[in-house]
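*Asks:* Take a look at the following structure, please.
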2 protein chains.
Amino acid sequence: MTARRQGRGPTRADVARLAGTSTAVVSYVVNDGPRPVAAATRARVLGAVNQLGYRPDRIARALAARRTETVGLVVADITNPFMSDVARAVEAAASARDHTVLLANSAVDRQREQVLIEQLLDRRVDGLILLAVGPGAATVRELNRSGVPVVALDRPVGGLRAATVTVDNVGGAAEATMHLAGHGHRRIACISGPPPLWPTAEREKGWSTAVAEMGLGRGSCPVVHASIDRGAGYEAAVRLLNRARPPSAVFVTTDEQAFGVLRAAVDTGRQVPDDVAVVSFDGISQAAFSVPGLSSVVQPVDQMAAKAVDLLLDGPPERVVFPVELLTRGSCGCPDPVVRAKRRTPPPRGTAGGP
Amino acid sequence: MTARRQGRGPTRADVARLAGTSTAVVSYVVNDGPRPVAAATRARVLGAVNQLGYRPDRIARALAARRTETVGLVVADITNPFMSDVARAVEAAASARDHTVLLANSAVDRQREQVLIEQLLDRRVDGLILLAVGPGAATVRELNRSGVPVVALDRPVGGLRAATVTVDNVGGAAEATMHLAGHGHRRIACISGPPPLWPTAEREKGWSTAVAEMGLGRGSCPVVHASIDRGAGYEAAVRLLNRARPPSAVFVTTDEQAFGVLRAAVDTGRQVPDDVAVVSFDGISQAAFSVPGLSSVVQPVDQMAAKAVDLLLDGPPERVVFPVELLTRGSCGCPDPVVRAKRRTPPPRGTAGGP
DNA sequence: GTGAAAGCGCTAACAA
DNA sequence: TTGTTAGCGCTTTCAC
């Protein structure tokens, strides 16, 4: 009997038989190459394809073609709104290029991250995007050896031969800090990330430079370090605000921490921005809805993701740095704009993608 | 020369050669079955494996074994905190069972969702978890025909032969509503989701039942429908609060909308909970940080995800319904507990997983 | 422009 | 217990 294999649809052989041609030709038309096919033949094949409802098996194709059309995305914490936004943007960019993304969430666990990266490699991803805690030396070696293209997003990875997509952390942070000074503040503290974390360290550098340039005393402008989450931001702010001479403004290195700061201000009996002004970094969409709205330095996530995917798929391993933009709302002392519904798609910009 | 193929590591044949045995035996030891292997042979193979640094190619394995050890996850919106939390939990559960997740984000676009589901099928996922807008009839047919196990998480999918993991939406919503009444409210409105959306419709039903049971007039307890995002929640709240006789409390069907409500209250000159009390549904971790803290009905996301993966991989297509729990904070009028750092892992519960 | 056939790296009968 | 070998479904060289 010619019963189709159960559980799966027709194969290339079925199509070839029905179209009265060879499997090679079917392949040529399905893939639109690499060899030309006569119009008549192509038509017969196409007819057979949709008469049978044939769909190519991507696994078999991957094995033969040695390409999976898949990109691995390793994120440190998918529940972090900035990172989930990056995940959305990467998925969209990959999808636009007909690739699927294998998601790996390390849950901020370096060990786990190593394992996940190896699994992704075993699954033969065509490329790897890392928004990761940071792989250890052994994993870096393995990545370099594997020859799989890698792009480090948001932060470079030491020792890794990879493209890099980051933003102007120093500049953005400095701008935010000066903006605070523009509101008349002289005691501008910084709530930064864990010292080894690159993006927040850079932002701290920007704050510190700005503070120095404006001649503000280091004693009145303290830094405090905290993990990248609301709870840690909350605790750091409580510590800061309970000092004898608390700051009148604080630059927070991530929005996620800043939400904790906002809540801490209230819990310690302060008003934002009158008693403490706040500006942070990342520019996630939730920032529009806090009370007051959170002023933040926004990263062009869609463009960054598109660039990352492009570099991964056909780029040389360059390092690209995107500009950022301070978006003011109520938390710094500027007028708080009316809330608008969140934008789901980036505004058209002539041609798609690219900075 | 015996140079290894460039770009890839050693294969099963290399290992067999070095171990002086056959490829089948290598397969048996690597997979720990399906046939037994003598201890001595196994040791030689293992030795060869790590002398060569051999790693099985999952693509080739998938083709031969007809299993990809991969599960597809389709979410309607990965940037929605509830859904990204589900994504985290599903990834963790799948990972614990040695599976990788292929992430597909439909960005609340039904068309796109169909395409994504088909792509996942083409990639031969072992199972599909849907937290989706809802596939159309054609896709449902294709899913049923494909024989790929599916579990619908959070909401059932009409006409689909699939397991279902949901929560007690009606009960939770009713409890939330009664809680509001317990604070003395008699004008309890509801901000619900788009009417076709199942979970929010169920919650609305719970609210409506509770309101009726308490004998509260329908005129003083209006419903308004809005999309599941902060902006829509904001606008719905503004509409509600600008009425001639505004409600004194509102049950909001999702946390995401509720954050918009909180902001809208402030923008229309109200205090929460004194002028308007708010309780919502989902129980995402961000709810602890708003001002005031958001009282919410919490879903046991980790358990739900674990169950979903179990059902997918070896379960019969049951329908399981998890209980939910009201967690009170400041927004309903209860005391607002001190903020704590976010928990990354579920507390131990004797044995892992399960309701 | 088309077809035959040799893999891609692994699994799992089946035979020894 | 181990080895031989026929696929898994597709791509692609090479000959026609």
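Just remember, in the structure tokens the first chain shown is A, the second B, etc., residues are 1-based per chain, and ligands are 1-based in the order shown.
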Kindly provide the residues of chain B that approach chain A to within 8 Å, each paired with its closest atom pair and their distance in Å to one decimal, based on only C-alpha atoms, listed by chain and increasing number, as a Markdown table.
*Replies:*
```
| residue | atom | partner | partner_atom | distance |
| --- | --- | --- | --- | --- |
| B:Gly7 | CA | A:Gly147 | CA | 6.0 |
| B:Arg8 | CA | A:Ser146 | CA | 6.8 |
| B:Arg55 | CA | A:Asp122 | CA | 7.0 |
| B:Pro56 | CA | A:Asp122 | CA | 6.9 |
| B:Asp57 | CA | A:Asp122 | CA | 5.6 |
| B:Arg58 | CA | A:Arg123 | CA | 5.2 |
| B:Ile59 | CA | A:Arg123 | CA | 6.1 |
| B:Ala60 | CA | A:Leu63 | CA | 6.0 |
| B:Ala62 | CA | A:Ile59 | CA | 7.2 |
| B:Leu63 | CA | A:Ala60 | CA | 6.0 |
| B:Ile78 | CA | A:Arg88 | CA | 6.2 |
| B:Thr79 | CA | A:Ser84 | CA | 5.4 |
| B:Pro81 | CA | A:Thr79 | CA | 6.7 |
| B:Ser84 | CA | A:Thr79 | CA | 5.5 |
| B:Asp85 | CA | A:Thr79 | CA | 5.6 |
| B:Ala87 | CA | A:Ile78 | CA | 7.7 |
| B:Arg88 | CA | A:Ile78 | CA | 6.2 |
| B:Glu91 | CA | A:Asn105 | CA | 7.1 |
| B:Ala92 | CA | A:Asn105 | CA | 7.8 |
| B:Thr100 | CA | A:Leu102 | CA | 7.2 |
| B:Val101 | CA | A:Leu103 | CA | 5.9 |
| B:Leu102 | CA | A:Leu102 | CA | 4.6 |
| B:Leu103 | CA | A:Leu103 | CA | 5.9 |
| B:Ala104 | CA | A:Glu91 | CA | 7.2 |
| B:Asn105 | CA | A:Arg88 | CA | 6.9 |
| B:Ala107 | CA | A:Arg344 | CA | 7.7 |
| B:Asp122 | CA | A:Asp57 | CA | 5.5 |
| B:Arg123 | CA | A:Arg58 | CA | 5.2 |
| B:Arg124 | CA | A:Ile59 | CA | 7.2 |
| B:Ser146 | CA | A:Gly7 | CA | 6.0 |
| B:Gly147 | CA | A:Gly7 | CA | 5.9 |
| B:Asp229 | CA | A:Lys342 | CA | 7.7 |
| B:Arg230 | CA | A:Ala341 | CA | 6.9 |
| B:Gly231 | CA | A:Ala341 | CA | 3.8 |
| B:Ala232 | CA | A:Ala341 | CA | 6.3 |
| B:Tyr234 | CA | A:Val339 | CA | 7.9 |
| B:Phe259 | CA | A:Phe289 | CA | 6.9 |
| B:Gly260 | CA | A:Phe289 | CA | 6.3 |
| B:Arg263 | CA | A:Phe289 | CA | 6.0 |
| B:Val266 | CA | A:Val291 | CA | 7.7 |
| B:Phe289 | CA | A:Arg263 | CA | 6.0 |
| B:Ser290 | CA | A:Arg263 | CA | 6.6 |
| B:Val291 | CA | A:Arg263 | CA | 6.2 |
| B:Val339 | CA | A:Gly231 | CA | 7.1 |
| B:Arg340 | CA | A:Gly231 | CA | 5.8 |
| B:Ala341 | CA | A:Gly231 | CA | 3.8 |
| B:Lys342 | CA | A:Gly231 | CA | 6.0 |
| B:Arg344 | CA | A:Ala107 | CA | 7.9 |
```
*Asks:* Using only C-alpha atoms (C1' of nucleotides), find which residues of chain D lie within 9 Å of chain A and jot them down as a list in words.
*Replies:* DC8, DG9, DC10, DT11 and DT12 of chain D
*Asks:* Need to verify the contact set: Val151 (chain B), 7 Å, only C-alpha atoms (C1' of nucleotides), exclusion of same-chain residues closer than 6 positions in sequence. Can you return it as a PyMOL selection string?
*Replies:* chain B and resi 128-130+162-164+308+312
*Asks:* Would you put the residues from that selection into a file with N, CA, C and O atoms, as a PDB file, in the first residue's frame?
*Replies:*
```pdb
ATOM      1  N   LEU B 128       3.687  21.504  21.486  1.00  0.00           N
ATOM      2  CA  LEU B 128       3.441  22.928  21.305  1.00  0.00           C
ATOM      3  C   LEU B 128       2.665  23.451  22.500  1.00  0.00           C
ATOM      4  O   LEU B 128       1.637  22.895  22.879  1.00  0.00           O
ATOM      5  N   ILE B 129       3.155  24.512  23.101  1.00  0.00           N
ATOM      6  CA  ILE B 129       2.403  25.146  24.177  1.00  0.00           C
ATOM      7  C   ILE B 129       1.877  26.473  23.649  1.00  0.00           C
ATOM      8  O   ILE B 129       2.643  27.285  23.132  1.00  0.00           O
ATOM      9  N   LEU B 130       0.599  26.636  23.770  1.00  0.00           N
ATOM     10  CA  LEU B 130      -0.045  27.812  23.206  1.00  0.00           C
ATOM     11  C   LEU B 130      -0.577  28.736  24.294  1.00  0.00           C
ATOM     12  O   LEU B 130      -1.432  28.361  25.082  1.00  0.00           O
ATOM     13  N   ALA B 162      -6.496  19.126  22.578  1.00  0.00           N
ATOM     14  CA  ALA B 162      -5.320  19.514  23.341  1.00  0.00           C
ATOM     15  C   ALA B 162      -5.580  19.427  24.833  1.00  0.00           C
ATOM     16  O   ALA B 162      -6.710  19.519  25.287  1.00  0.00           O
ATOM     17  N   ALA B 163      -4.501  19.269  25.576  1.00  0.00           N
ATOM     18  CA  ALA B 163      -4.614  19.369  27.023  1.00  0.00           C
ATOM     19  C   ALA B 163      -4.798  20.840  27.347  1.00  0.00           C
ATOM     20  O   ALA B 163      -4.468  21.717  26.553  1.00  0.00           O
ATOM     21  N   THR B 164      -5.318  21.095  28.524  1.00  0.00           N
ATOM     22  CA  THR B 164      -5.604  22.469  28.895  1.00  0.00           C
ATOM     23  C   THR B 164      -5.148  22.721  30.323  1.00  0.00           C
ATOM     24  O   THR B 164      -5.451  21.936  31.214  1.00  0.00           O
ATOM     25  N   ALA B 308       2.166  21.820  32.372  1.00  0.00           N
ATOM     26  CA  ALA B 308       1.988  21.916  30.920  1.00  0.00           C
ATOM     27  C   ALA B 308       3.050  21.085  30.201  1.00  0.00           C
ATOM     28  O   ALA B 308       2.746  20.313  29.285  1.00  0.00           O
ATOM     29  N   LEU B 312       2.481  17.684  28.042  1.00  0.00           N
ATOM     30  CA  LEU B 312       2.935  17.706  26.660  1.00  0.00           C
ATOM     31  C   LEU B 312       3.775  16.484  26.353  1.00  0.00           C
ATOM     32  O   LEU B 312       3.607  15.827  25.325  1.00  0.00           O
TER      33      LEU B 312
END
```
*Asks:* Hey, list the chain C side of the contact with chain A: 12 Å cut-off, only C-alpha atoms (C1' of nucleotides), answer as a list in words.
*Replies:*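 Putting it all together, I get DG1, DT2, DG3, DA4, DA5, DA6, DG7, DC8, DG9 and DC10 of chain C.
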*Asks:* Write out as a list in words the set of residues from region 240-353 of chain A that DSSP, computed on the backbone, places in strand (DSSP E or B).
*Replies:* Ala249, Val250, Phe251, Val252, Ala277, Val278, Val279, Ser280, Phe281, Asp282, Ser295, Ser296, Val297, Val298, Arg319, Val320, Val321, Phe322, Glu325, Leu326 and Leu327 of chain A
*Asks:* Suppose you want the space between CA of Gln114 (chain A) and CA of Leu131 (chain A); what is it in Å?
*Replies:*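 Interatomic distance, CA of Gln114 (chain A) to CA of Leu131 (chain A): 13.0 Å.
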*Asks:* If we count only C-alpha atoms (C1' of nucleotides), what is near DA16 (chain C) at a cut-off of 10 Å, once residues fewer than 6 positions away on the same chain are taken out, given as a list of chain:residue names?
*Replies:* D:DT2, D:DG3, D:DT4
*Asks:* Using only C-alpha atoms, pick whichever of B:Val324, B:Ala48, B:Trp207, B:Glu113 has the shortest atom-to-atom distance to Leu180 (chain B).
*Replies:*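 Result for the nearest residue to Leu180 (chain B): B:Trp207.
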*Asks:* Please identify all polymer residues within 6 Å of region 278-281 of chain A, counting only C-alpha atoms (C1' of nucleotides), omitting same-chain residues fewer than 2 positions from it, and present them as a list of chain:residue names.
*Replies:* A:Ala249, A:Val250, A:Phe251, A:Val252, A:Thr253, A:Thr254, A:Asp255, A:Gly283, A:Ser295, A:Ser296, A:Val297, A:Ser331, A:Cys332
*Asks:* Could you please write out, as a ChimeraX atom specification, every residue of region 38-196 of chain A that DSSP assigns to alpha helix (DSSP H)?
*Replies:* /A:39-52,58-65,81-96,110-122,137-146,169-182
